[in-house]
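Chemist: Structure supplied as target.csv; contents: CSV, C-alpha atoms and all ligand atoms.
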chain,number,residue,atom,x,y,z
A,21,MET,CA,18.4,16.2,-66.4
A,22,SER,CA,16.7,19.5,-67.0
A,23,LEU,CA,14.4,20.7,-64.1
A,24,VAL,CA,16.5,20.5,-60.9
A,25,PRO,CA,15.6,21.9,-57.5
A,26,MET,CA,17.3,25.2,-57.0
A,27,ARG,CA,18.7,24.0,-53.6
A,28,ILE,CA,20.8,21.4,-55.6
A,29,LEU,CA,22.2,24.0,-57.9
A,30,LEU,CA,23.1,26.3,-55.0
A,31,ASP,CA,24.7,23.5,-53.0
A,32,HIS,CA,26.8,22.5,-56.0
A,33,ALA,CA,27.8,26.2,-56.5
A,34,ALA,CA,28.8,26.4,-52.8
A,35,GLU,CA,30.8,23.2,-53.0
A,36,ASN,CA,32.7,24.5,-56.0
A,37,GLY,CA,32.9,28.2,-55.1
A,38,TYR,CA,30.9,29.7,-57.9
A,39,GLY,CA,27.7,31.8,-58.3
A,40,VAL,CA,24.6,31.2,-60.5
A,41,ALA,CA,22.9,34.1,-62.3
A,42,ALA,CA,19.2,34.1,-62.0
A,43,PHE,CA,17.7,35.8,-65.1
A,44,ASN,CA,14.2,37.1,-65.3
A,45,VAL,CA,12.0,36.2,-68.2
A,46,ASN,CA,8.7,37.4,-69.7
A,47,ASN,CA,8.6,35.8,-73.1
A,48,MET,CA,9.9,33.1,-75.4
A,49,GLU,CA,12.9,35.0,-76.7
A,50,GLN,CA,14.3,35.6,-73.3
A,51,ILE,CA,14.1,32.0,-72.3
A,52,GLN,CA,15.7,31.0,-75.6
A,53,ALA,CA,18.5,33.6,-75.1
A,54,ILE,CA,19.3,32.1,-71.6
A,55,MET,CA,19.2,28.5,-72.9
A,56,ALA,CA,21.4,29.3,-75.9
A,57,ALA,CA,23.9,30.9,-73.5
A,58,ALA,CA,23.7,28.0,-71.2
A,59,GLU,CA,24.4,25.5,-74.0
A,60,GLU,CA,27.3,27.6,-75.3
A,61,THR,CA,28.9,27.9,-71.9
A,62,GLU,CA,27.7,24.6,-70.4
A,63,SER,CA,26.1,26.3,-67.5
A,64,PRO,CA,23.4,25.3,-65.0
A,65,VAL,CA,20.8,28.0,-65.0
A,66,ILE,CA,18.1,29.7,-62.9
A,67,VAL,CA,15.2,31.1,-64.8
A,68,GLN,CA,12.9,33.3,-62.7
A,69,ALA,CA,9.6,35.0,-63.2
A,70,SER,CA,8.2,37.9,-61.2
A,71,ARG,CA,4.5,38.2,-60.4
A,72,GLY,CA,4.4,40.8,-63.2
A,73,ALA,CA,6.0,38.3,-65.6
A,74,ARG,CA,3.5,35.6,-64.6
A,75,LYS,CA,0.6,38.0,-65.2
A,76,TYR,CA,2.0,39.2,-68.5
A,77,THR,CA,2.9,35.8,-69.9
A,78,ASN,CA,0.1,33.8,-68.3
A,79,ASP,CA,1.2,30.8,-66.2
A,80,ALA,CA,0.2,28.2,-68.8
A,81,TYR,CA,2.4,29.8,-71.5
A,82,LEU,CA,5.3,30.2,-69.1
A,83,ARG,CA,5.0,26.6,-67.9
A,84,HIS,CA,5.0,25.2,-71.4
A,85,LEU,CA,7.9,27.4,-72.4
A,86,MET,CA,9.9,26.1,-69.5
A,87,LEU,CA,9.0,22.5,-70.4
A,88,ALA,CA,10.1,23.2,-73.9
A,89,ALA,CA,13.4,24.5,-72.6
A,90,ALA,CA,13.9,21.4,-70.5
A,91,GLU,CA,13.0,19.1,-73.5
A,92,LEU,CA,15.3,20.9,-75.9
A,93,HIS,CA,18.2,21.2,-73.5
A,94,PRO,CA,18.3,17.8,-71.6
A,95,ASN,CA,21.9,18.4,-70.6
A,96,ILE,CA,21.3,21.7,-68.9
A,97,PRO,CA,20.1,21.7,-65.2
A,98,ILE,CA,17.4,24.3,-65.0
A,99,SER,CA,15.7,25.7,-61.9
A,100,MET,CA,12.4,27.6,-62.3
A,101,HIS,CA,12.0,30.2,-59.6
A,102,GLN,CA,9.3,32.6,-58.5
A,103,ASP,CA,10.9,36.0,-58.0
A,104,HIS,CA,9.6,38.2,-55.2
A,105,GLY,CA,6.5,36.3,-54.1
A,106,ASN,CA,4.5,38.8,-52.1
A,107,SER,CA,2.4,36.2,-50.2
A,108,PRO,CA,2.2,32.5,-49.3
A,109,ALA,CA,-0.7,32.4,-51.9
A,110,THR,CA,1.6,33.6,-54.7
A,111,CYS,CA,4.2,31.0,-53.8
A,112,ILE,CA,1.7,28.2,-53.5
A,113,SER,CA,0.3,29.0,-56.9
A,114,ALA,CA,3.8,29.0,-58.4
A,115,ILE,CA,4.5,25.6,-56.9
A,116,GLU,CA,1.2,24.3,-58.4
A,117,GLN,CA,2.4,25.6,-61.8
A,118,GLY,CA,5.6,23.6,-61.5
A,119,PHE,CA,8.1,26.1,-60.2
A,120,ASN,CA,10.7,24.2,-58.1
A,121,SER,CA,11.8,27.2,-56.2
A,122,VAL,CA,10.1,30.2,-54.7
A,123,MET,CA,11.0,33.5,-53.1
A,124,MET,CA,8.8,34.5,-50.2
A,125,ASP,CA,9.7,38.2,-50.0
A,126,GLY,CA,8.3,39.0,-46.5
A,127,SER,CA,10.6,41.9,-46.1
A,128,LEU,CA,7.8,43.9,-47.7
A,129,SER,CA,4.1,43.7,-46.9
A,130,GLU,CA,1.7,42.0,-49.3
A,131,ASP,CA,1.5,45.2,-51.3
A,132,GLY,CA,5.1,44.5,-52.4
A,133,LYS,CA,6.0,48.1,-51.4
A,134,SER,CA,6.0,48.9,-47.7
A,135,PRO,CA,8.6,47.4,-45.3
A,136,SER,CA,7.1,44.8,-43.0
A,137,SER,CA,7.9,43.8,-39.4
A,138,TYR,CA,10.3,41.0,-38.5
A,139,GLU,CA,7.5,39.0,-37.0
A,140,TYR,CA,5.4,39.3,-40.2
A,141,ASN,CA,8.4,38.3,-42.3
A,142,VAL,CA,9.1,35.2,-40.1
A,143,LYS,CA,5.4,34.2,-40.1
A,144,VAL,CA,4.8,34.2,-43.9
A,145,THR,CA,8.3,32.9,-44.7
A,146,LYS,CA,8.0,29.9,-42.3
A,147,GLU,CA,4.5,29.2,-43.7
A,148,VAL,CA,6.0,28.9,-47.2
A,149,VAL,CA,9.0,26.9,-46.0
A,150,ASP,CA,6.7,24.3,-44.4
A,151,TYR,CA,4.5,24.1,-47.5
A,152,ALA,CA,7.4,24.1,-50.0
A,153,HIS,CA,9.8,21.7,-48.3
A,154,ALA,CA,7.0,19.1,-47.9
A,155,ARG,CA,7.0,19.1,-51.7
A,156,GLY,CA,10.7,19.3,-52.2
A,157,VAL,CA,10.6,22.9,-53.3
A,158,THR,CA,13.5,25.4,-52.5
A,159,VAL,CA,12.7,28.6,-50.6
A,160,GLU,CA,14.5,32.0,-50.7
A,161,GLY,CA,13.7,34.6,-48.1
A,162,GLU,CA,14.7,38.2,-47.7
A,163,ILE,CA,15.8,40.1,-44.6
A,164,GLY,CA,16.5,43.9,-44.8
A,165,THR,CA,14.9,45.9,-47.5
A,166,LEU,CA,16.4,46.6,-50.9
A,167,GLY,CA,17.0,50.2,-51.8
A,168,GLY,CA,19.7,52.6,-53.0
A,169,ILE,CA,21.6,54.6,-50.3
A,170,GLU,CA,22.3,57.7,-52.5
A,171,ASP,CA,19.5,60.2,-52.1
A,172,GLY,CA,17.0,60.4,-54.9
A,173,HIS,CA,18.2,57.3,-56.7
A,174,GLY,CA,17.2,53.7,-56.9
A,175,ALA,CA,13.8,52.2,-56.6
A,176,GLY,CA,12.0,52.1,-53.2
A,177,LEU,CA,13.9,53.3,-50.2
A,178,THR,CA,16.6,55.9,-50.5
A,179,GLY,CA,19.1,57.8,-48.3
A,180,GLU,CA,18.9,57.4,-44.5
A,181,GLU,CA,15.8,55.2,-44.9
A,182,ALA,CA,17.8,52.7,-47.1
A,183,LEU,CA,20.7,52.7,-44.7
A,184,LYS,CA,18.4,51.8,-41.8
A,185,HIS,CA,17.0,48.9,-43.9
A,186,LEU,CA,20.4,47.3,-44.8
A,187,THR,CA,20.5,43.7,-43.5
A,188,ASP,CA,21.5,43.4,-39.9
A,189,PRO,CA,23.8,40.3,-39.7
A,190,SER,CA,22.6,39.2,-36.3
A,191,GLN,CA,19.0,39.5,-37.4
A,192,ALA,CA,19.9,37.5,-40.5
A,193,GLU,CA,21.2,34.7,-38.3
A,194,ARG,CA,18.0,34.7,-36.2
A,195,PHE,CA,15.8,34.8,-39.4
A,196,VAL,CA,17.4,31.7,-40.9
A,197,ALA,CA,17.0,29.8,-37.6
A,198,ASP,CA,13.4,31.0,-37.3
A,199,THR,CA,12.4,30.1,-40.8
A,200,GLY,CA,14.7,27.4,-42.2
A,201,VAL,CA,15.1,29.1,-45.6
A,202,ASP,CA,17.5,27.6,-48.1
A,203,ALA,CA,18.7,30.9,-49.5
A,204,LEU,CA,18.7,34.4,-48.1
A,205,ALA,CA,18.4,37.7,-50.1
A,206,VAL,CA,20.3,40.5,-48.3
A,207,ALA,CA,20.1,44.3,-48.6
A,208,ILE,CA,23.4,45.9,-49.2
A,209,GLY,CA,22.5,49.1,-51.0
A,210,THR,CA,21.4,47.7,-54.3
A,211,SER,CA,18.1,48.5,-55.9
A,212,HIS,CA,16.1,47.2,-58.9
A,213,GLY,CA,16.3,48.8,-62.2
A,214,ALA,CA,18.8,50.9,-64.2
A,215,TYR,CA,19.2,53.8,-61.8
A,216,LYS,CA,21.2,52.3,-58.9
A,217,PHE,CA,24.2,54.7,-58.4
A,218,THR,CA,25.1,58.1,-59.7
A,219,ARG,CA,28.8,57.2,-59.8
A,220,LYS,CA,30.8,53.9,-59.8
A,221,PRO,CA,29.8,52.6,-56.4
A,222,THR,CA,32.2,52.6,-53.4
A,223,GLY,CA,31.8,50.9,-50.1
A,224,ASP,CA,29.6,53.6,-48.6
A,225,VAL,CA,26.8,53.0,-51.1
A,226,LEU,CA,27.4,49.3,-52.0
A,227,VAL,CA,28.1,47.8,-48.6
A,228,MET,CA,29.7,44.5,-49.5
A,229,SER,CA,31.1,44.2,-46.0
A,230,VAL,CA,27.6,43.3,-44.8
A,231,ILE,CA,27.8,40.1,-47.0
A,232,GLU,CA,31.1,39.2,-45.5
A,233,GLU,CA,29.7,39.6,-42.0
A,234,ILE,CA,26.6,37.6,-42.7
A,235,HIS,CA,28.6,34.8,-44.4
A,236,LYS,CA,30.8,34.5,-41.3
A,237,ARG,CA,27.7,34.0,-39.2
A,238,LEU,CA,25.8,31.8,-41.7
A,239,PRO,CA,28.5,29.8,-43.6
A,240,ASN,CA,25.9,27.2,-44.8
A,241,THR,CA,23.2,29.6,-46.0
A,242,HIS,CA,23.2,30.5,-49.7
A,243,LEU,CA,23.2,34.3,-50.0
A,244,VAL,CA,21.4,36.1,-52.8
A,245,MET,CA,22.2,39.4,-54.4
A,246,HIS,CA,19.2,41.2,-55.9
A,247,GLY,CA,19.5,44.3,-58.0
A,248,SER,CA,22.7,43.0,-59.4
A,249,SER,CA,22.7,44.3,-63.0
A,250,SER,CA,26.0,46.0,-63.8
A,251,VAL,CA,24.3,48.5,-66.2
A,252,PRO,CA,27.2,48.4,-68.7
A,253,GLN,CA,28.0,51.8,-70.2
A,254,GLU,CA,28.2,50.3,-73.7
A,255,LEU,CA,24.6,49.1,-73.5
A,256,LEU,CA,23.4,52.6,-72.4
A,257,ASP,CA,25.4,54.1,-75.3
A,258,ILE,CA,23.7,51.9,-77.8
A,259,ILE,CA,20.2,52.9,-76.5
A,260,ARG,CA,21.3,56.6,-76.6
A,261,MET,CA,22.9,56.3,-80.0
A,262,TYR,CA,19.6,55.0,-81.5
A,263,GLY,CA,17.3,57.6,-80.1
A,264,GLY,CA,16.6,56.4,-76.6
A,265,TYR,CA,17.2,58.5,-73.4
A,266,MET,CA,19.1,57.1,-70.4
A,267,LYS,CA,20.4,59.3,-67.6
A,268,GLU,CA,23.9,58.9,-66.4
A,269,THR,CA,23.9,55.8,-64.2
A,270,TYR,CA,26.0,53.0,-62.8
A,271,GLY,CA,25.2,49.4,-61.7
A,272,VAL,CA,26.9,46.8,-59.6
A,273,PRO,CA,30.4,46.1,-60.9
A,274,VAL,CA,31.0,42.5,-61.8
A,275,GLU,CA,34.2,42.5,-59.6
A,276,GLU,CA,32.0,43.3,-56.6
A,277,ILE,CA,29.7,40.4,-57.4
A,278,GLN,CA,32.8,38.2,-57.7
A,279,ARG,CA,33.9,39.4,-54.3
A,280,GLY,CA,30.4,38.5,-53.0
A,281,ILE,CA,30.8,35.0,-54.5
A,282,LYS,CA,33.9,34.5,-52.5
A,283,HIS,CA,31.8,35.2,-49.4
A,284,GLY,CA,28.8,33.0,-49.8
A,285,VAL,CA,26.8,34.6,-52.6
A,286,ARG,CA,25.4,31.8,-54.8
A,287,LYS,CA,22.5,33.4,-56.6
A,288,ILE,CA,22.8,36.7,-58.5
A,289,ASN,CA,19.6,38.3,-59.9
A,290,VAL,CA,19.9,40.0,-63.2
A,291,ASP,CA,17.1,41.5,-65.2
A,292,THR,CA,17.9,45.1,-66.1
A,293,ASP,CA,21.0,44.3,-68.1
A,294,ASN,CA,19.0,42.0,-70.4
A,295,ARG,CA,16.3,44.7,-70.8
A,296,LEU,CA,19.0,47.2,-71.8
A,297,ALA,CA,20.5,44.8,-74.3
A,298,ILE,CA,17.2,43.9,-75.9
A,299,THR,CA,16.1,47.6,-76.1
A,300,GLY,CA,19.3,48.7,-77.7
A,301,ALA,CA,19.2,46.0,-80.3
A,302,ILE,CA,15.6,46.7,-81.2
A,303,ARG,CA,16.2,50.5,-81.3
A,304,LYS,CA,19.2,49.8,-83.6
A,305,VAL,CA,17.0,47.9,-86.1
A,306,PHE,CA,14.3,50.5,-86.1
A,307,SER,CA,16.8,53.2,-86.6
A,308,CYS,CA,18.9,51.5,-89.3
A,309,LYS,CA,16.1,49.8,-91.1
A,310,PRO,CA,13.0,52.1,-91.0
A,311,THR,CA,11.2,49.8,-93.4
A,312,ALA,CA,11.5,46.7,-91.1
A,313,PHE,CA,8.2,45.4,-89.8
A,314,ASP,CA,8.6,41.7,-89.4
A,315,PRO,CA,9.0,41.1,-85.6
A,316,ARG,CA,11.7,38.5,-86.4
A,317,ASP,CA,13.9,41.2,-87.9
A,318,TYR,CA,14.2,42.9,-84.5
A,319,LEU,CA,13.5,40.1,-82.0
A,320,SER,CA,16.3,38.0,-83.4
A,321,PRO,CA,19.0,40.6,-82.8
A,322,ALA,CA,17.3,41.3,-79.4
A,323,ARG,CA,17.6,37.7,-78.5
A,324,ASP,CA,21.3,37.6,-79.6
A,325,ALA,CA,22.1,40.7,-77.5
A,326,MET,CA,20.5,39.1,-74.4
A,327,LYS,CA,22.3,35.9,-75.1
A,328,GLN,CA,25.7,37.8,-75.0
A,329,VAL,CA,24.9,39.4,-71.7
A,330,CYS,CA,24.0,36.0,-70.3
A,331,ILE,CA,27.2,34.4,-71.6
A,332,ASP,CA,29.2,37.2,-70.0
A,333,ARG,CA,27.6,36.8,-66.6
A,334,MET,CA,27.8,33.0,-66.7
A,335,VAL,CA,31.5,33.2,-67.4
A,336,ALA,CA,32.1,35.9,-64.8
A,337,PHE,CA,30.2,34.2,-62.0
A,338,GLY,CA,32.0,30.9,-62.6
A,339,GLN,CA,29.0,28.7,-63.4
A,340,ALA,CA,30.3,28.0,-67.0
A,341,GLY,CA,31.4,24.5,-67.5
A,342,TYR,CA,29.4,23.0,-64.6
A,343,ALA,CA,26.2,21.8,-66.3
A,344,SER,CA,27.3,18.2,-66.6
A,345,LYS,CA,28.6,18.1,-63.0
A,346,VAL,CA,25.4,18.8,-61.2
A,347,LYS,CA,23.6,15.6,-60.2
A,348,GLN,CA,19.8,15.3,-60.7
A,349,VAL,CA,17.8,14.9,-57.5
A,350,SER,CA,14.1,14.2,-57.7
A,351,MET,CA,11.5,16.3,-55.8
A,352,LYS,CA,10.7,13.1,-53.8
A,353,ASP,CA,14.4,12.8,-52.7
A,354,MET,CA,14.3,16.5,-51.8
A,355,VAL,CA,11.3,15.9,-49.5
A,356,THR,CA,13.2,13.1,-47.7
A,357,PHE,CA,16.2,15.5,-47.5
A,358,TYR,CA,14.1,18.2,-45.8
A,359,MET,CA,12.3,15.8,-43.6
A,360,GLY,CA,15.6,14.5,-42.3
A,361,LYS,CA,16.6,18.0,-41.2
B,401,LIG,O1,12.2,42.3,-59.2
B,401,LIG,C1,12.6,42.9,-60.2
B,401,LIG,C2,12.7,42.2,-61.5
B,401,LIG,O2,13.5,43.0,-62.3
B,401,LIG,C3,11.3,42.0,-62.1
B,401,LIG,O3,10.7,43.1,-62.5
B,401,LIG,O4,8.4,43.1,-61.5
B,401,LIG,O5,8.9,44.4,-63.6
B,401,LIG,O6,8.8,41.9,-63.7
B,401,LIG,P1,9.1,43.2,-62.8
B,402,LIG,P1,18.3,44.3,-61.7
B,402,LIG,O1,17.2,45.3,-61.8
B,402,LIG,O2,19.5,44.9,-61.1
B,402,LIG,O3,18.5,43.5,-62.9
B,402,LIG,O4,17.8,43.2,-60.5
B,402,LIG,C1,16.9,42.2,-60.8
B,402,LIG,C2,16.4,41.5,-59.6
B,402,LIG,O5,16.9,41.7,-58.5
B,402,LIG,C3,15.2,40.7,-59.7
B,402,LIG,O6,14.7,40.2,-58.5
B,403,ZN,ZN,14.9,41.4,-56.8
Starting from the coordinates I provided, produce the structure as structure tokens.
Modeler:
Amino acid sequence: MSLVPMRILLDHAAENGYGVAAFNVNNMEQIQAIMAAAEETESPVIVQASRGARKYTNDAYLRHLMLAAAELHPNIPISMHQDHGNSPATCISAIEQGFNSVMMDGSLSEDGKSPSSYEYNVKVTKEVVDYAHARGVTVEGEIGTLGGIEDGHGAGLTGEEALKHLTDPSQAERFVADTGVDALAVAIGTSHGAYKFTRKPTGDVLVMSVIEEIHKRLPNTHLVMHGSSSVPQELLDIIRMYGGYMKETYGVPVEEIQRGIKHGVRKINVDTDNRLAITGAIRKVFSCKPTAFDPRDYLSPARDAMKQVCIDRMVAFGQAGYASKVKQVSMKDMVTFYMGK
């Protein structure tokens, strides 16, 4: 089975009422951690790489690592996704490298920072949809702009600015009609990174009701939650205990993600939690074994710590147990599927 178009994973998740975690990767150990967790829980998986990850890893290494994952885990359906493509060129180069799913994030301009116009977003996203669907590749778009609502916290937009950029459900409906995306990332007050909320979030800063409204209007569109790390306090504590510094911070509670899954969320992006787990494990080795210098001495516990986070999310999002139930569909069949639409 192995490499499966993301659209097939998300359709299966929708039919069976579960969500699929999309974990970011930058190196071999992270891919191994995800695959070990998927084996243990029998989960289909989405592995995603940002532009920064592709640059850090080099596409050729990444491609071969993913092919190794597919070869070693033939019973696990895997989608390989470009996270936050900033331009059609980035998405096209990902497709050329074998990614079977891409995100065209036209909510931001090509600099990946400043919010763009609706017209720009439709133009670049539609361009990617036309190119990708002709090759059987899945496309995720984004409407609204990610950012924490609490002043002074979260990456990118904050406060009033972030509130203004929450996804407008009627615009979401129009965007899907105008572009034909398979999946839609929505802005509900989450932001990337560890510093999302200064307290356990309530509905004024994590606006889950927006998801419910969008799902009512777009029951057949797969919704995506970005910035969905839960920032577990125990992972922060490990980092602090072994010499690291993390300010007080809160993430997106797993129960809120589960609520989203009941209302059409099918892909949940998680990167920070794995970064925290890896960092804590490495700090612990360095602190407890000052003589250690074999990278395997600290990368193995780091990989195990990430694996545990992945297992926890796979179980909580409901994807565990479904690996063997997803049917393989070739890219050629996907082209036929899209052309028939
Ligand atoms: O989009 C956010 C992900 O956490 C990836 O982060 O751009 O630092 O690789 P990155
Ligand atoms: P976190 O920073 O919350 O893990 O979000 C990751 C993400 O949205 C990647 O696109
Ligand atoms: Zn994101």
Chemist: From the list A:Glu162, A:Asp150, A:Glu233, A:Glu60, which residue is nearest ligand ZN 403 (chain B) when using only C-alpha atoms and all ligand atoms?
Modeler: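 Smallest separation from ligand ZN 403 (chain B) among the options: A:Glu162.
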Chemist: Within 10 Å of ligand ZN 403 (chain B), which residues show up when you count all atoms listed in the file? List them as a list in words, please.
Modeler: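 Result of the 10 Å neighbour search around ligand ZN 403 (chain B): Ala42, Asn44, Ser70, Asp103, His104, Met123, Asp125, Glu162, Leu166, Ala205, Thr210, Ser211, His212, Gly213, Val244, Met245, His246, Gly247, Ser248, Ile288, Asn289, Val290 and Asp291 of chain A.
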Chemist: What is the distance between CA of Arg279 in chain A and CA of Ser190 in chain A, in Å to one decimal?
Modeler: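 These two atoms are separated by 21.3 Å.
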Chemist: Do you know which residues are at most 10 Å from range 214-225 of chain A counting only C-alpha atoms, after dropping those on the same chain fewer than 5 positions away, and could you put them as a PyMOL selection string?
Modeler: chain A and resi 167-175+179+182-183+208-209+247-252+256+266-273+276+291-293+295-296
Chemist: Nearest to His235 in chain A among A:Ile259, A:Arg316, A:Gln278, A:His283, with distances taken over only C-alpha atoms: which residue is it?
Modeler: A:His283
Chemist: From the set A:Gly118, A:Ser113, A:Pro321, A:Arg71, which residue has the shortest atom-to-atom contact distance to ligand LIG 401 (chain B), counting only C-alpha atoms and all ligand atoms?
Modeler: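 So, comparing all the options, the nearest one is A:Arg71.
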Chemist: Can you tell me how far CA of Thr311 in chain A sits from CA of Ala56 in chain A, in Å to one decimal?
Modeler: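 Between these atoms lies a distance of 28.8 Å.
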Chemist: Neighbours of Ala203 in chain A within 7 Å (all atoms listed in the file; same-chain residues fewer than 3 positions away dropped), as a PyMOL selection string?
Modeler: chain A and resi 159-161+241-244
Chemist: At a cut-off of 8 Å, using only C-alpha atoms, what residues contact range 31-34 of chain A? Leave out same-chain residues fewer than 4 positions from it and give the result as a list in words.
Modeler: Arg27, Tyr38, Gly39, Val40, His242, Gly284, Arg286, Gln339 and Val346 of chain A
Chemist: Nearest to Ala53 in chain A among A:Arg323, A:Lys352, A:Lys347, A:His93, with distances taken over all atoms listed in the file: which residue is it?
Modeler: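 Using all atoms listed in the file, Ala53 in chain A sits closest to A:Arg323.
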Chemist: Would you compute the distance between CA of Ala57 in chain A and CA of Val305 in chain A? Give it in Å to one decimal.
Modeler: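 Separation of CA of Ala57 in chain A and CA of Val305 in chain A: 22.3 Å.
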Chemist: Can you work out which one of A:Pro64, A:Gly105, A:Pro310, A:Gly360 has the shortest atom-to-atom distance to ligand LIG 402 (chain B), counting all atoms listed in the file?
Modeler: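 Among A:Pro64, A:Gly105, A:Pro310, A:Gly360, it is A:Gly105 that comes nearest to ligand LIG 402 (chain B).
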Chemist: Nearest residue to Tyr138 in chain A out of A:Asp198, A:Leu82, A:Asn120, A:Ala88, using only C-alpha atoms?
Modeler: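 Nearest to Tyr138 in chain A: A:Asp198.
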Chemist: Counting all atoms listed in the file, what is within 10 Å of Leu319 in chain A, bar same-chain residues fewer than 5 positions away, as number ranges by chain?
Modeler: A: 49-50, 298-299, 301-302, 305, 314, 324-325
Chemist: Take the residues just selected and output them with C-alpha atoms as a PDB file, in the coordinates of the input.
Modeler:
ATOM      1  CA  GLU A  49      12.900  35.000 -76.700  1.00  0.00           C
ATOM      2  CA  GLN A  50      14.300  35.600 -73.300  1.00  0.00           C
ATOM      3  CA  ILE A 298      17.200  43.900 -75.900  1.00  0.00           C
ATOM      4  CA  THR A 299      16.100  47.600 -76.100  1.00  0.00           C
ATOM      5  CA  ALA A 301      19.200  46.000 -80.300  1.00  0.00           C
ATOM      6  CA  ILE A 302      15.600  46.700 -81.200  1.00  0.00           C
ATOM      7  CA  VAL A 305      17.000  47.900 -86.100  1.00  0.00           C
ATOM      8  CA  ASP A 314       8.600  41.700 -89.400  1.00  0.00           C
ATOM      9  CA  ASP A 324      21.300  37.600 -79.600  1.00  0.00           C
ATOM     10  CA  ALA A 325      22.100  40.700 -77.500  1.00  0.00           C
TER      11      ALA A 325
END
Chemist: Compile the contact shell of Ser137 in chain A as a list in words: residues with an atom at most 10 Å away, counting all atoms listed in the file, same-chain residues fewer than 5 positions apart removed.
Modeler: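 In the requested form, the answer reads Gly126, Ser127, Leu128, Ser129, Val142 and Lys143 of chain A.
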